[in-house]
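First comes the structure, then the notes that go with it.
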Amino acid sequence: MSKWMLTVLFLIGSVFVTNLIPFSSFFRYLDTMIHEFGHAAATLLLSGKVMYIELYADHSGVTRSLITKPWSRIPVGLAGYMSASLFAWLLFALNGRSRQKEGLYTITLLAVISLVLFVRNGYGMMWLAGFIALNVVVLLWGNRVVMKWYYLVLAFLTLEESVSGALYILILAINRPGQAGDSTLLAQASGIPAPVWGAWFLLFALWCAKRALQCFFGKRRSRSRPGEREVGNAYAGYERR
């Protein structure tokens, strides 16, 4: 069985398992936060202005930006889904190096920046405040085992959401290309049909998921076979609907 098929099957199984975790829906907003933060960061890097970010109760979000350079709409539009996929990979890369605490500090820092600088709707601010408080509790008072499992829950939920979000936007781009969020905006900016952008988001998300799982299982193999050396495991408005 190919690694791509194994990646898809593992993600499907992971969805069923994580849905059994109490309050898992609360933590799935992390992917939305990273998605919108990616849009905001790209806007600022390209000399634009971020007006505000809103996070909604249905796990969607929106970033309103002022962009003066028409061509910059493309990299800003790409930044949301791609940032979420890359961040999921990063979380697993850090886990593979037993750096869960650094990963949790990074997550918390991005949440604080989002709350202070960008997010302005009531629901989004309440979620960020609660999420930050919970992370601080785990960082300050959680033991090593608690921190590890808490981190893995965040990592797997972020990975699942990065792929499922990209799949949803592809389906939406095929069925309703004029209402497919980032894919629609990219189509308007580039002239390339929305389904093409949706397909790109999904392929990129699956590629990042494959690399993330290689980090995860590579670590498990290296622990179970301490006498062997592992080779080849490299670490290496915009809406989310």
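Going through the structure tokens in order, the chains are called A, B, and so on, while each chain numbers its residues from 1 and the ligands are numbered from 1 in the order shown.
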query = Near Thr7 of chain A, counting only C-alpha atoms, which residues have an atom at most 8 Å away, once you skip same-chain residues fewer than 4 positions from it, shown as number ranges by chain?
reply = A: 3, 11, 206, 209-210, 213
Take the residues that were just selected and, keeping N, CA, C and O atoms, output them as a PDB file, in the first residue's frame.
ATOM      1  N   LYS A   3       2.343   5.130   0.475  1.00  0.00           N
ATOM      2  CA  LYS A   3       2.358   6.030   1.622  1.00  0.00           C
ATOM      3  C   LYS A   3       1.218   7.037   1.548  1.00  0.00           C
ATOM      4  O   LYS A   3       0.715   7.481   2.580  1.00  0.00           O
ATOM      5  N   LEU A  11      -5.596   9.365   8.440  1.00  0.00           N
ATOM      6  CA  LEU A  11      -6.359  10.584   8.736  1.00  0.00           C
ATOM      7  C   LEU A  11      -7.830  10.259   8.994  1.00  0.00           C
ATOM      8  O   LEU A  11      -8.445  10.826   9.904  1.00  0.00           O
ATOM      9  N   LEU A 206      -2.333  17.358   1.844  1.00  0.00           N
ATOM     10  CA  LEU A 206      -2.007  15.937   1.938  1.00  0.00           C
ATOM     11  C   LEU A 206      -0.500  15.713   1.965  1.00  0.00           C
ATOM     12  O   LEU A 206      -0.006  14.832   2.681  1.00  0.00           O
ATOM     13  N   ALA A 209       0.594  16.562   5.394  1.00  0.00           N
ATOM     14  CA  ALA A 209       0.136  15.516   6.306  1.00  0.00           C
ATOM     15  C   ALA A 209       1.031  14.290   6.206  1.00  0.00           C
ATOM     16  O   ALA A 209       1.369  13.665   7.226  1.00  0.00           O
ATOM     17  N   LYS A 210       1.428  13.937   5.001  1.00  0.00           N
ATOM     18  CA  LYS A 210       2.321  12.800   4.802  1.00  0.00           C
ATOM     19  C   LYS A 210       3.648  13.033   5.509  1.00  0.00           C
ATOM     20  O   LYS A 210       4.163  12.149   6.206  1.00  0.00           O
ATOM     21  N   LEU A 213       3.157  12.852   9.369  1.00  0.00           N
ATOM     22  CA  LEU A 213       3.044  11.492   9.886  1.00  0.00           C
ATOM     23  C   LEU A 213       4.365  10.743   9.806  1.00  0.00           C
ATOM     24  O   LEU A 213       4.638   9.856  10.633  1.00  0.00           O
TER      25      LEU A 213
END
query = Which neighbours of Glu36 of chain A fall inside 7 Å, counting only C-alpha atoms, when residues of the same chain fewer than 4 positions from it are skipped, and could you give them as a list in words?
reply = Thr32, Ala40, Ile53, Gly61, Val62, Thr63 and Gly80 of chain A
ask   = Got a sec: who's within 9 Å of Ser162 of chain A, counting only C-alpha atoms, leaving out chain neighbours fewer than 5 positions off, as number ranges by chain?
value = A: 31-32, 35, 81-82, 84-85, 88, 157, 167, 202, 205-206, 209
Can you spit out the residues from that selection as a compact mmCIF listing (two decimals), in the first residue's frame, using N, CA, C and O atoms?
# COMPACT_ATOMS: atom_id res chain seq x y z
N ASP A 31 -6.87 25.47 14.11
CA ASP A 31 -6.58 25.50 12.67
C ASP A 31 -7.12 26.77 12.02
O ASP A 31 -6.45 27.39 11.18
N THR A 32 -8.32 27.19 12.42
CA THR A 32 -8.90 28.42 11.88
C THR A 32 -8.06 29.62 12.28
O THR A 32 -7.81 30.52 11.45
N HIS A 35 -4.98 29.62 10.12
CA HIS A 35 -5.38 29.98 8.76
C HIS A 35 -5.50 31.50 8.62
O HIS A 35 -4.89 32.11 7.71
N TYR A 81 -4.69 28.54 3.77
CA TYR A 81 -4.67 27.08 3.81
C TYR A 81 -3.25 26.53 3.87
O TYR A 81 -2.98 25.54 4.55
N MET A 82 -2.33 27.17 3.17
CA MET A 82 -0.95 26.68 3.16
C MET A 82 -0.28 26.87 4.52
O MET A 82 0.48 26.02 4.97
N ALA A 84 -1.80 26.86 7.42
CA ALA A 84 -2.39 25.86 8.31
C ALA A 84 -1.75 24.49 8.09
O ALA A 84 -1.45 23.77 9.05
N SER A 85 -1.52 24.11 6.83
CA SER A 85 -0.91 22.82 6.53
C SER A 85 0.53 22.76 7.01
O SER A 85 0.97 21.76 7.60
N ALA A 88 0.72 22.49 10.84
CA ALA A 88 0.46 21.13 11.32
C ALA A 88 1.71 20.28 11.19
O ALA A 88 2.07 19.52 12.11
N LEU A 157 -5.56 17.29 15.81
CA LEU A 157 -6.75 18.04 15.41
C LEU A 157 -6.41 19.08 14.35
O LEU A 157 -7.16 19.30 13.40
N LEU A 167 -10.23 19.91 1.66
CA LEU A 167 -11.15 19.06 0.91
C LEU A 167 -12.50 19.76 0.74
O LEU A 167 -13.09 19.74 -0.35
N LEU A 202 -5.74 21.09 -1.48
CA LEU A 202 -5.88 19.73 -0.97
C LEU A 202 -4.60 18.93 -1.16
O LEU A 202 -4.15 18.22 -0.25
N ALA A 205 -2.06 20.11 1.33
CA ALA A 205 -2.42 19.66 2.67
C ALA A 205 -2.07 18.18 2.86
O ALA A 205 -1.55 17.78 3.91
N LEU A 206 -2.33 17.36 1.84
CA LEU A 206 -2.01 15.94 1.94
C LEU A 206 -0.50 15.71 1.97
O LEU A 206 -0.01 14.83 2.68
N ALA A 209 0.59 16.56 5.39
CA ALA A 209 0.14 15.52 6.31
C ALA A 209 1.03 14.29 6.21
O ALA A 209 1.37 13.67 7.23
inquiry  = For segment 149-155 of chain A, find every residue with an atom within 7 Å (counting only C-alpha atoms), except residues of its own chain fewer than 3 positions away, and show them as a PyMOL selection string.
reply    = chain A and resi 27+88+91-92+100+104+145-146+158-159
Go ahead and write the residues just picked, N, CA and C atoms, as a PDB file, in the first residue's frame.
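Listing of again-v1.pdb after writing:
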ATOM      1  N   PHE A  27     -10.985  22.691  20.467  1.00  0.00           N
ATOM      2  CA  PHE A  27      -9.598  22.795  20.028  1.00  0.00           C
ATOM      3  C   PHE A  27      -9.463  22.870  18.512  1.00  0.00           C
ATOM      4  N   ALA A  88       0.725  22.491  10.840  1.00  0.00           N
ATOM      5  CA  ALA A  88       0.463  21.134  11.318  1.00  0.00           C
ATOM      6  C   ALA A  88       1.715  20.281  11.191  1.00  0.00           C
ATOM      7  N   LEU A  91       4.189  21.212  13.942  1.00  0.00           N
ATOM      8  CA  LEU A  91       3.862  20.645  15.249  1.00  0.00           C
ATOM      9  C   LEU A  91       4.371  19.213  15.378  1.00  0.00           C
ATOM     10  N   PHE A  92       4.238  18.434  14.308  1.00  0.00           N
ATOM     11  CA  PHE A  92       4.709  17.054  14.357  1.00  0.00           C
ATOM     12  C   PHE A  92       6.228  16.980  14.296  1.00  0.00           C
ATOM     13  N   GLN A 100       7.838  19.440  22.609  1.00  0.00           N
ATOM     14  CA  GLN A 100       6.431  19.797  22.748  1.00  0.00           C
ATOM     15  C   GLN A 100       6.244  21.124  23.477  1.00  0.00           C
ATOM     16  N   LEU A 104       4.136  24.295  22.178  1.00  0.00           N
ATOM     17  CA  LEU A 104       3.005  24.863  22.914  1.00  0.00           C
ATOM     18  C   LEU A 104       3.219  26.347  23.185  1.00  0.00           C
ATOM     19  N   VAL A 145       3.726  14.130  31.115  1.00  0.00           N
ATOM     20  CA  VAL A 145       2.767  13.268  30.408  1.00  0.00           C
ATOM     21  C   VAL A 145       1.551  14.074  29.955  1.00  0.00           C
ATOM     22  N   VAL A 146       1.014  14.909  30.846  1.00  0.00           N
ATOM     23  CA  VAL A 146      -0.152  15.732  30.507  1.00  0.00           C
ATOM     24  C   VAL A 146       0.183  16.661  29.331  1.00  0.00           C
ATOM     25  N   THR A 158      -5.258  19.742  14.509  1.00  0.00           N
ATOM     26  CA  THR A 158      -4.833  20.728  13.519  1.00  0.00           C
ATOM     27  C   THR A 158      -4.553  20.057  12.186  1.00  0.00           C
ATOM     28  N   LEU A 159      -3.921  18.885  12.220  1.00  0.00           N
ATOM     29  CA  LEU A 159      -3.631  18.154  10.988  1.00  0.00           C
ATOM     30  C   LEU A 159      -4.925  17.754  10.284  1.00  0.00           C
TER      31      LEU A 159
END
